[in-house]
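Asker: My file is final.cif. It has mmCIF, C-alpha atoms:
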data_model
loop_
_atom_site.group_PDB
_atom_site.id
_atom_site.type_symbol
_atom_site.label_atom_id
_atom_site.label_comp_id
_atom_site.auth_asym_id
_atom_site.auth_seq_id
_atom_site.Cartn_x
_atom_site.Cartn_y
_atom_site.Cartn_z
ATOM 1 C CA MET A 1281 -16.814 31.376 0.986
ATOM 2 C CA ARG A 1282 -15.198 28.574 2.954
ATOM 3 C CA PHE A 1283 -14.215 25.388 1.209
ATOM 4 C CA PHE A 1284 -14.729 21.810 2.287
ATOM 5 C CA THR A 1285 -11.328 20.228 2.959
ATOM 6 C CA GLY A 1286 -9.858 17.252 4.807
ATOM 7 C CA GLN A 1287 -10.862 13.625 5.221
ATOM 8 C CA TYR A 1288 -12.788 12.275 8.168
ATOM 9 C CA ASP A 1289 -13.231 8.678 9.265
ATOM 10 C CA ARG A 1290 -16.921 8.011 9.918
ATOM 11 C CA THR A 1291 -19.369 5.176 10.516
ATOM 12 C CA ILE A 1292 -22.862 4.907 9.072
ATOM 13 C CA ASP A 1293 -25.158 3.566 11.805
ATOM 14 C CA GLU A 1294 -27.945 1.004 11.422
ATOM 15 C CA LYS A 1295 -30.475 3.796 10.717
ATOM 16 C CA LYS A 1296 -28.248 5.049 7.837
ATOM 17 C CA ARG A 1297 -27.255 8.130 9.838
ATOM 18 C CA ILE A 1298 -23.860 9.723 9.591
ATOM 19 C CA GLN A 1299 -22.433 12.662 11.492
ATOM 20 C CA LEU A 1300 -20.911 15.599 9.678
ATOM 21 C CA PRO A 1301 -17.676 16.541 11.484
ATOM 22 C CA SER A 1302 -17.608 19.982 13.111
ATOM 23 C CA GLN A 1303 -14.814 21.055 10.734
ATOM 24 C CA LEU A 1304 -17.138 20.525 7.758
ATOM 25 C CA ARG A 1305 -20.226 21.876 9.547
ATOM 26 C CA SER A 1306 -18.375 25.105 10.349
ATOM 27 C CA ALA A 1307 -17.913 25.734 6.600
ATOM 28 C CA ILE A 1308 -21.707 25.851 6.165
ATOM 29 C CA ASP A 1309 -23.488 29.144 6.820
ATOM 30 C CA PRO A 1310 -27.235 28.346 6.953
ATOM 31 C CA GLU A 1311 -28.165 31.867 5.843
ATOM 32 C CA ARG A 1312 -25.886 31.721 2.807
ATOM 33 C CA ASP A 1313 -25.897 27.980 2.049
ATOM 34 C CA GLY A 1314 -29.290 26.812 3.320
ATOM 35 C CA ALA A 1315 -30.031 24.565 6.278
ATOM 36 C CA GLY A 1316 -30.185 21.208 4.474
ATOM 37 C CA LEU A 1317 -28.062 19.118 2.166
ATOM 38 C CA TYR A 1318 -28.496 17.395 -1.193
ATOM 39 C CA ILE A 1319 -27.034 13.952 -1.719
ATOM 40 C CA THR A 1320 -26.357 12.491 -5.171
ATOM 41 C CA LEU A 1321 -24.407 9.645 -6.659
ATOM 42 C CA GLY A 1322 -20.803 10.784 -6.877
ATOM 43 C CA GLU A 1323 -18.593 11.370 -9.898
ATOM 44 C CA ASP A 1324 -16.378 8.472 -8.880
ATOM 45 C CA PRO A 1325 -17.904 4.972 -8.882
ATOM 46 C CA GLY A 1326 -18.931 3.826 -5.429
ATOM 47 C CA THR A 1327 -19.199 7.328 -3.963
ATOM 48 C CA LEU A 1328 -21.882 9.772 -2.905
ATOM 49 C CA SER A 1329 -21.589 13.549 -3.222
ATOM 50 C CA ILE A 1330 -23.039 15.893 -0.618
ATOM 51 C CA PHE A 1331 -23.862 19.500 -1.479
ATOM 52 C CA THR A 1332 -25.265 22.392 0.487
ATOM 53 C CA GLU A 1333 -28.597 23.664 -0.823
ATOM 54 C CA ARG A 1334 -26.838 26.624 -2.429
ATOM 55 C CA GLY A 1335 -24.096 24.409 -3.838
ATOM 56 C CA PHE A 1336 -26.674 22.136 -5.456
ATOM 57 C CA GLU A 1337 -28.524 25.139 -6.912
ATOM 58 C CA ASP A 1338 -25.233 26.409 -8.372
ATOM 59 C CA LEU A 1339 -24.476 22.991 -9.849
ATOM 60 C CA ALA A 1340 -27.974 22.667 -11.340
ATOM 61 C CA SER A 1341 -27.693 26.131 -12.910
ATOM 62 C CA ARG A 1342 -24.428 25.106 -14.653
ATOM 63 C CA ILE A 1343 -25.922 21.921 -16.091
ATOM 64 C CA GLU A 1344 -27.393 22.959 -19.430
ATOM 65 C CA THR A 1345 -28.642 19.704 -20.888
ATOM 66 C CA GLU A 1346 -31.223 21.436 -23.053
ATOM 67 C CA PHE A 1347 -28.372 22.476 -25.349
ATOM 68 C CA ILE A 1348 -27.171 18.886 -25.793
ATOM 69 C CA PRO A 1349 -29.441 17.125 -28.255
ATOM 70 C CA GLY A 1350 -30.192 13.438 -28.043
ATOM 71 C CA PRO A 1351 -31.233 10.823 -25.544
ATOM 72 C CA ASP A 1352 -28.115 11.105 -23.348
ATOM 73 C CA SER A 1353 -29.117 14.461 -21.871
ATOM 74 C CA ALA A 1354 -32.658 13.260 -21.123
ATOM 75 C CA LYS A 1355 -31.284 10.088 -19.525
ATOM 76 C CA PHE A 1356 -28.794 12.105 -17.466
ATOM 77 C CA GLU A 1357 -31.530 14.403 -16.156
ATOM 78 C CA LEU A 1358 -33.783 11.461 -15.329
ATOM 79 C CA GLN A 1359 -31.038 9.649 -13.433
ATOM 80 C CA PHE A 1360 -29.347 12.607 -11.761
ATOM 81 C CA TYR A 1361 -32.381 14.479 -10.474
ATOM 82 C CA ALA A 1362 -34.439 11.381 -9.694
ATOM 83 C CA LEU A 1363 -31.686 10.015 -7.475
ATOM 84 C CA ALA A 1364 -30.797 13.322 -5.776
ATOM 85 C CA SER A 1365 -32.252 13.638 -2.286
ATOM 86 C CA HIS A 1366 -32.666 16.544 0.111
ATOM 87 C CA VAL A 1367 -31.900 15.779 3.774
ATOM 88 C CA ASP A 1368 -32.015 17.768 6.992
ATOM 89 C CA ILE A 1369 -29.176 18.006 9.521
ATOM 90 C CA ASP A 1370 -30.096 17.495 13.202
ATOM 91 C CA LYS A 1371 -28.607 19.418 16.137
ATOM 92 C CA GLN A 1372 -25.820 16.841 16.536
ATOM 93 C CA GLY A 1373 -24.799 17.315 12.892
ATOM 94 C CA ARG A 1374 -26.281 13.985 11.786
ATOM 95 C CA PHE A 1375 -28.300 13.288 8.684
ATOM 96 C CA VAL A 1376 -29.862 10.192 7.169
ATOM 97 C CA LEU A 1377 -28.400 8.835 3.958
ATOM 98 C CA PRO A 1378 -31.077 7.721 1.490
ATOM 99 C CA ASP A 1379 -31.118 3.920 1.429
ATOM 100 C CA ARG A 1380 -31.362 3.698 -2.367
ATOM 101 C CA LEU A 1381 -28.221 5.839 -2.805
ATOM 102 C CA VAL A 1382 -26.259 3.803 -0.248
ATOM 103 C CA LYS A 1383 -27.267 0.614 -2.068
ATOM 104 C CA LYS A 1384 -26.436 1.994 -5.542
ATOM 105 C CA ALA A 1385 -23.021 3.253 -4.392
ATOM 106 C CA LYS A 1386 -22.403 -0.015 -2.510
ATOM 107 C CA VAL A 1387 -20.806 1.713 0.449
ATOM 108 C CA GLY A 1388 -20.513 -0.145 3.730
ATOM 109 C CA SER A 1389 -20.752 1.263 7.228
ATOM 110 C CA ASP A 1390 -17.071 2.338 7.470
ATOM 111 C CA VAL A 1391 -16.501 5.392 5.295
ATOM 112 C CA PHE A 1392 -14.536 8.588 4.833
ATOM 113 C CA LEU A 1393 -16.070 11.998 4.281
ATOM 114 C CA VAL A 1394 -13.711 13.899 1.990
ATOM 115 C CA GLY A 1395 -13.781 17.660 1.405
ATOM 116 C CA ARG A 1396 -13.769 18.468 -2.315
ATOM 117 C CA LYS A 1397 -13.894 22.275 -2.413
ATOM 118 C CA ASN A 1398 -17.611 22.927 -2.944
ATOM 119 C CA ARG A 1399 -18.882 19.477 -1.981
ATOM 120 C CA ILE A 1400 -18.206 16.570 0.349
ATOM 121 C CA ASP A 1401 -17.713 13.084 -1.066
ATOM 122 C CA LEU A 1402 -18.507 9.933 0.864
ATOM 123 C CA TRP A 1403 -16.094 7.067 0.078
ATOM 124 C CA SER A 1404 -15.694 3.530 1.323
ATOM 125 C CA ARG A 1405 -12.332 3.313 3.059
ATOM 126 C CA ALA A 1406 -10.886 0.764 0.627
ATOM 127 C CA GLU A 1407 -12.004 2.673 -2.483
ATOM 128 C CA LEU A 1408 -10.512 5.951 -1.270
ATOM 129 C CA ASP A 1409 -7.136 4.354 -0.628
ATOM 130 C CA ARG A 1410 -7.227 2.670 -4.028
ATOM 131 C CA SER A 1411 -8.339 5.840 -5.870
ATOM 132 C CA MET A 1412 -5.783 8.123 -4.242
ATOM 133 C CA GLY A 1413 -3.054 5.702 -5.279
ATOM 134 C CA ILE A 1414 -0.349 7.647 -3.480
ATOM 135 C CA ASP A 1415 2.622 5.840 -1.956
ATOM 136 C CA TRP A 1416 3.093 8.165 1.025
ATOM 137 C CA GLU A 1417 5.761 5.886 2.487
ATOM 138 C CA GLY A 1418 7.772 5.515 -0.719
ATOM 139 C CA ASP A 1419 9.256 7.911 -3.223
ATOM 140 C CA LYS A 1420 6.170 8.666 -5.304
ATOM 141 C CA TRP A 1421 5.153 12.067 -3.995
ATOM 142 C CA PRO A 1422 2.158 13.453 -5.938
ATOM 143 C CA ASP A 1423 2.924 15.925 -8.734
ATOM 144 C CA TRP A 1424 0.577 18.795 -7.883
ATOM 145 C CA GLN A 1425 2.694 21.626 -9.290
ATOM 146 C CA GLY A 1426 0.699 22.104 -12.492
ATOM 147 C CA PHE A 1427 -2.616 22.274 -10.642
ATOM 148 C CA LEU A 1428 -1.342 24.584 -7.914
ATOM 149 C CA ARG A 1429 -0.037 27.053 -10.505
ATOM 150 C CA MET A 1430 -3.165 27.102 -12.686
ATOM 151 C CA ARG A 1431 -4.805 30.384 -13.386
ATOM 152 C CA PRO A 1432 -8.519 30.864 -13.878
ATOM 153 C CA ARG A 1433 -9.683 30.822 -17.467
ATOM 154 C CA THR A 1434 -10.425 34.221 -18.936
ATOM 155 C CA GLU A 1435 -13.003 35.066 -21.555
ATOM 156 C CA THR A 1436 -11.448 36.050 -24.878
#
Re-express the file's structure as structure tokens.

Answerer:
Amino acid sequence: MRFFTGQYDRTIDEKKRIQLPSQLRSAIDPERDGAGLYITLGEDPGTLSIFTERGFEDLASRIETEFIPGPDSAKFELQFYALASHVDIDKQGRFVLPDRLVKKAKVGSDVFLVGRKNRIDLWSRAELDRSMGIDWEGDKWPDWQGFLRMRPRTET
């Protein structure tokens, strides 16, 4: 499996189309991952998350709201699945962003597509800079050591 990595400066056109960069497209195998994409509201406020068909199926299979009693799980399912949209990619690597998701996320036309391992997140340029919060020019280099040395959890 190839992972989605990198950040790519993009523009959403007046028809709400955006082009998936070739570096991200090359990580998608239509036979393994499906030919289309699913778009949802992102985990971070003001973002959208983009999944391959297979990636969305994997995510949906891990979400087990039936084991969480109460109204929160029903509300989550209503919101998450009702807002998720399937889109097709054209030969130029473009796809149309659902208008209601663009409005809910409040993203403008100038955005970044950011690889996030098994998904791609769409960020407004200002929000990405603010959320990363890294002073690349100064002395505050990110402390990634703990994450880079993590080991997968094992069943006990």

Asker: Which residues would end up in the selection if the PyMOL selection byres ((chain A and resi 1327-1341) around 6) were applied here, given that I need the answer as a VMD selection string?

Answerer: chain A and resid 1313 to 1314 1317 to 1322 1324 to 1326 1342 to 1343 1385 1399 to 1403

Asker: Output the residue selection produced by the PyMOL selection byres ((chain A and resi 1290) around 7) on the file above, formatted as a list in words.

Answerer: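 Given this file, the PyMOL selection byres ((chain A and resi 1290) around 7) evaluates to Tyr1288, Asp1289, Thr1291, Ile1292, Asp1390, Val1391, Phe1392 and Leu1393 of chain A.
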
Asker: Give me, as a count of residues only, all polymer residues having an atom no more than 9 Å from A:Asp1293, counting all atoms listed in the file and skipping those fewer than 4 positions away in the same chain.

Answerer: 3

Asker: From the list A:Gly1373, A:Gly1316, A:Gly1426, A:Pro1351, which residue is nearest A:Pro1301 when using only C-alpha atoms?

Answerer: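 Looking at the shortest contact to A:Pro1301, the residue is A:Gly1373.
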
Asker: Could you tell me how far atom CA of A:Lys1386 lies from atom CA of A:Lys1296, in Å and to one decimal?

Answerer: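 Those two atoms sit 12.9 Å apart.
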
Asker: What is the atom CA of A:Gln1299-atom CA of A:Asp1370 distance in Å, reported with one decimal?

Answerer: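 Separating atom CA of A:Gln1299 from atom CA of A:Asp1370 is a distance of 9.2 Å.
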
Asker: Quick one: of A:Glu1311, A:Arg1374, A:Glu1294, A:Gln1287, who's nearest to A:Arg1405, counting only C-alpha atoms?

Answerer: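 Among the listed residues, the smallest separation from A:Arg1405 belongs to A:Gln1287.
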
Asker: Nearest to A:Asp1309 among A:Arg1396, A:Arg1282, A:Leu1377, A:Gln1359, with distances taken over all atoms listed in the file: which residue is it?

Answerer: A:Arg1282

Asker: Please compute the atom CA of A:Lys1371-atom CA of A:Gly1286 distance, one decimal, in Å.

Answerer: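 A separation of 22.0 Å between them.
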
Asker: Apply the PyMOL selection byres ((chain A and resi 1397) around 7) to the structure shown and report the selected residues as a PyMOL selection string.

Answerer: chain A and resi 1283-1285+1395-1396+1398-1399

Asker: Kindly output stretch 1328-1355 of chain A as a PDB file, keeping the file's coordinate frame, after building N, CA and C atoms.

Answerer:
ATOM      1  N   LEU A1328     -20.754   8.851  -2.964  1.00  0.00           N
ATOM      2  CA  LEU A1328     -21.882   9.772  -2.905  1.00  0.00           C
ATOM      3  C   LEU A1328     -21.314  11.175  -2.783  1.00  0.00           C
ATOM      4  N   SER A1329     -21.995  12.154  -3.362  1.00  0.00           N
ATOM      5  CA  SER A1329     -21.589  13.549  -3.222  1.00  0.00           C
ATOM      6  C   SER A1329     -22.648  14.289  -2.417  1.00  0.00           C
ATOM      7  N   ILE A1330     -22.172  15.146  -1.531  1.00  0.00           N
ATOM      8  CA  ILE A1330     -23.039  15.893  -0.618  1.00  0.00           C
ATOM      9  C   ILE A1330     -22.822  17.378  -0.882  1.00  0.00           C
ATOM     10  N   PHE A1331     -23.896  18.072  -1.169  1.00  0.00           N
ATOM     11  CA  PHE A1331     -23.862  19.500  -1.479  1.00  0.00           C
ATOM     12  C   PHE A1331     -24.725  20.267  -0.498  1.00  0.00           C
ATOM     13  N   THR A1332     -24.339  21.511  -0.219  1.00  0.00           N
ATOM     14  CA  THR A1332     -25.265  22.392   0.487  1.00  0.00           C
ATOM     15  C   THR A1332     -26.410  22.712  -0.474  1.00  0.00           C
ATOM     16  N   GLU A1333     -27.481  23.280   0.048  1.00  0.00           N
ATOM     17  CA  GLU A1333     -28.597  23.664  -0.823  1.00  0.00           C
ATOM     18  C   GLU A1333     -28.125  24.648  -1.885  1.00  0.00           C
ATOM     19  N   ARG A1334     -27.358  25.626  -1.483  1.00  0.00           N
ATOM     20  CA  ARG A1334     -26.838  26.624  -2.429  1.00  0.00           C
ATOM     21  C   ARG A1334     -25.881  25.987  -3.434  1.00  0.00           C
ATOM     22  N   GLY A1335     -25.027  25.092  -2.956  1.00  0.00           N
ATOM     23  CA  GLY A1335     -24.096  24.409  -3.838  1.00  0.00           C
ATOM     24  C   GLY A1335     -24.813  23.580  -4.894  1.00  0.00           C
ATOM     25  N   PHE A1336     -25.911  22.933  -4.504  1.00  0.00           N
ATOM     26  CA  PHE A1336     -26.674  22.136  -5.456  1.00  0.00           C
ATOM     27  C   PHE A1336     -27.379  23.041  -6.469  1.00  0.00           C
ATOM     28  N   GLU A1337     -27.902  24.170  -5.996  1.00  0.00           N
ATOM     29  CA  GLU A1337     -28.524  25.139  -6.912  1.00  0.00           C
ATOM     30  C   GLU A1337     -27.498  25.641  -7.926  1.00  0.00           C
ATOM     31  N   ASP A1338     -26.291  25.952  -7.465  1.00  0.00           N
ATOM     32  CA  ASP A1338     -25.233  26.409  -8.372  1.00  0.00           C
ATOM     33  C   ASP A1338     -24.889  25.331  -9.400  1.00  0.00           C
ATOM     34  N   LEU A1339     -24.776  24.098  -8.938  1.00  0.00           N
ATOM     35  CA  LEU A1339     -24.476  22.991  -9.849  1.00  0.00           C
ATOM     36  C   LEU A1339     -25.592  22.837 -10.886  1.00  0.00           C
ATOM     37  N   ALA A1340     -26.837  22.836 -10.428  1.00  0.00           N
ATOM     38  CA  ALA A1340     -27.974  22.667 -11.340  1.00  0.00           C
ATOM     39  C   ALA A1340     -28.039  23.800 -12.361  1.00  0.00           C
ATOM     40  N   SER A1341     -27.648  25.013 -11.972  1.00  0.00           N
ATOM     41  CA  SER A1341     -27.693  26.131 -12.910  1.00  0.00           C
ATOM     42  C   SER A1341     -26.599  26.020 -13.975  1.00  0.00           C
ATOM     43  N   ARG A1342     -25.502  25.285 -13.674  1.00  0.00           N
ATOM     44  CA  ARG A1342     -24.428  25.106 -14.653  1.00  0.00           C
ATOM     45  C   ARG A1342     -24.696  23.958 -15.614  1.00  0.00           C
ATOM     46  N   ILE A1343     -25.602  23.068 -15.241  1.00  0.00           N
ATOM     47  CA  ILE A1343     -25.922  21.921 -16.091  1.00  0.00           C
ATOM     48  C   ILE A1343     -26.942  22.377 -17.127  1.00  0.00           C
ATOM     49  N   GLU A1344     -26.523  22.453 -18.368  1.00  0.00           N
ATOM     50  CA  GLU A1344     -27.393  22.959 -19.430  1.00  0.00           C
ATOM     51  C   GLU A1344     -27.662  21.860 -20.441  1.00  0.00           C
ATOM     52  N   THR A1345     -28.397  20.842 -20.016  1.00  0.00           N
ATOM     53  CA  THR A1345     -28.642  19.704 -20.888  1.00  0.00           C
ATOM     54  C   THR A1345     -29.572  20.035 -22.044  1.00  0.00           C
ATOM     55  N   GLU A1346     -30.325  21.108 -21.939  1.00  0.00           N
ATOM     56  CA  GLU A1346     -31.223  21.436 -23.053  1.00  0.00           C
ATOM     57  C   GLU A1346     -30.463  21.812 -24.316  1.00  0.00           C
ATOM     58  N   PHE A1347     -29.180  22.133 -24.184  1.00  0.00           N
ATOM     59  CA  PHE A1347     -28.372  22.476 -25.349  1.00  0.00           C
ATOM     60  C   PHE A1347     -27.626  21.269 -25.925  1.00  0.00           C
ATOM     61  N   ILE A1348     -27.806  20.110 -25.311  1.00  0.00           N
ATOM     62  CA  ILE A1348     -27.171  18.886 -25.793  1.00  0.00           C
ATOM     63  C   ILE A1348     -28.272  18.001 -26.362  1.00  0.00           C
ATOM     64  N   PRO A1349     -28.366  17.924 -27.675  1.00  0.00           N
ATOM     65  CA  PRO A1349     -29.441  17.125 -28.255  1.00  0.00           C
ATOM     66  C   PRO A1349     -29.210  15.630 -28.059  1.00  0.00           C
ATOM     67  N   GLY A1350     -30.299  14.888 -28.081  1.00  0.00           N
ATOM     68  CA  GLY A1350     -30.192  13.438 -28.043  1.00  0.00           C
ATOM     69  C   GLY A1350     -30.651  12.836 -26.737  1.00  0.00           C
ATOM     70  N   PRO A1351     -30.692  11.526 -26.710  1.00  0.00           N
ATOM     71  CA  PRO A1351     -31.233  10.823 -25.544  1.00  0.00           C
ATOM     72  C   PRO A1351     -30.322  10.862 -24.315  1.00  0.00           C
ATOM     73  N   ASP A1352     -29.017  11.118 -24.505  1.00  0.00           N
ATOM     74  CA  ASP A1352     -28.115  11.105 -23.348  1.00  0.00           C
ATOM     75  C   ASP A1352     -28.451  12.188 -22.339  1.00  0.00           C
ATOM     76  N   SER A1353     -28.806  13.386 -22.821  1.00  0.00           N
ATOM     77  CA  SER A1353     -29.117  14.461 -21.871  1.00  0.00           C
ATOM     78  C   SER A1353     -30.411  14.160 -21.119  1.00  0.00           C
ATOM     79  N   ALA A1354     -31.403  13.609 -21.802  1.00  0.00           N
ATOM     80  CA  ALA A1354     -32.658  13.260 -21.123  1.00  0.00           C
ATOM     81  C   ALA A1354     -32.418  12.153 -20.094  1.00  0.00           C
ATOM     82  N   LYS A1355     -31.594  11.180 -20.453  1.00  0.00           N
ATOM     83  CA  LYS A1355     -31.284  10.088 -19.525  1.00  0.00           C
ATOM     84  C   LYS A1355     -30.508  10.609 -18.321  1.00  0.00           C
TER      85      LYS A1355
END
